[in-house]
Amino acid sequence: MLILLYLYRVGYAIKSEFIPLLRSRNTYYIERALMDLEEHGLVEERLVGKKSRIFGLTEKGRRVAEVLDKLARMIAEEEGRGEATP
């Protein structure tokens, strides 16, 4: 869910950007999460140059993330914290 919300708000990201978001330096965990999202058609991977990969949302991923974003904002407002952050 955090990856989807993050990509919804920033557009595209490289894998290392997910380290502080997921509070994990375990790149296998992050890679597995991205692969799962890719397998469900929510995230796509693009090659930039010879070795760099960026990740972004598919159209389906954007629709799902939009709903998650609305829910996160509603919950944050109810709890009196203002805007929700991933």
# chains A, B, ... in the order shown; residues from 1 in each chain; ligands from 1
call {"tool": "select_by_dssp", "arguments": {"residues": "chain A", "states": "helix (DSSP H, G or I)", "output": "PyMOL selection string"}}
result
chain A and resi 2-10+15-22+27-39+59-78
call {"tool": "residues_around", "arguments": {"residues": "Thr58 of chain A", "least_positions_apart": "3", "cutoff": "12 Å", "atoms": "only C-alpha atoms", "output": "ChimeraX atom specification"}}
result
/A:4,7-8,11-12,37-46,55,61-65
call {"tool": "select_by_dssp", "arguments": {"residues": "chain A", "states": "strand (DSSP E)", "output": "JSON, numbers by chain"}}
result
{"A": [12, 13, 43, 44, 45, 46, 47, 48, 52, 53, 54, 55, 56, 57]}
call {"tool": "atom_distance", "arguments": {"atom1": "atom CA of Thr27 of chain A", "atom2": "atom CA of Ile14 of chain A"}}
result
11.9 Å
call {"tool": "atom_distance", "arguments": {"atom1": "atom CA of Pro20 of chain A", "atom2": "atom CA of Ala76 of chain A"}}
result
20.9 Å
call {"tool": "closest_residue", "arguments": {"among": "A:Leu34, A:Ala72, A:Leu47, A:Val67", "to": "Lys15 of chain A", "atoms": "only C-alpha atoms"}}
result
A:Leu34
call {"tool": "atom_distance", "arguments": {"atom1": "atom CA of Met74 of chain A", "atom2": "atom CA of Glu59 of chain A"}}
result
22.9 Å
call {"tool": "closest_residue", "arguments": {"among": "A:Ile3, A:Arg9, A:Phe18, A:Glu78", "to": "Glu66 of chain A", "atoms": "only C-alpha atoms"}}
result
A:Arg9
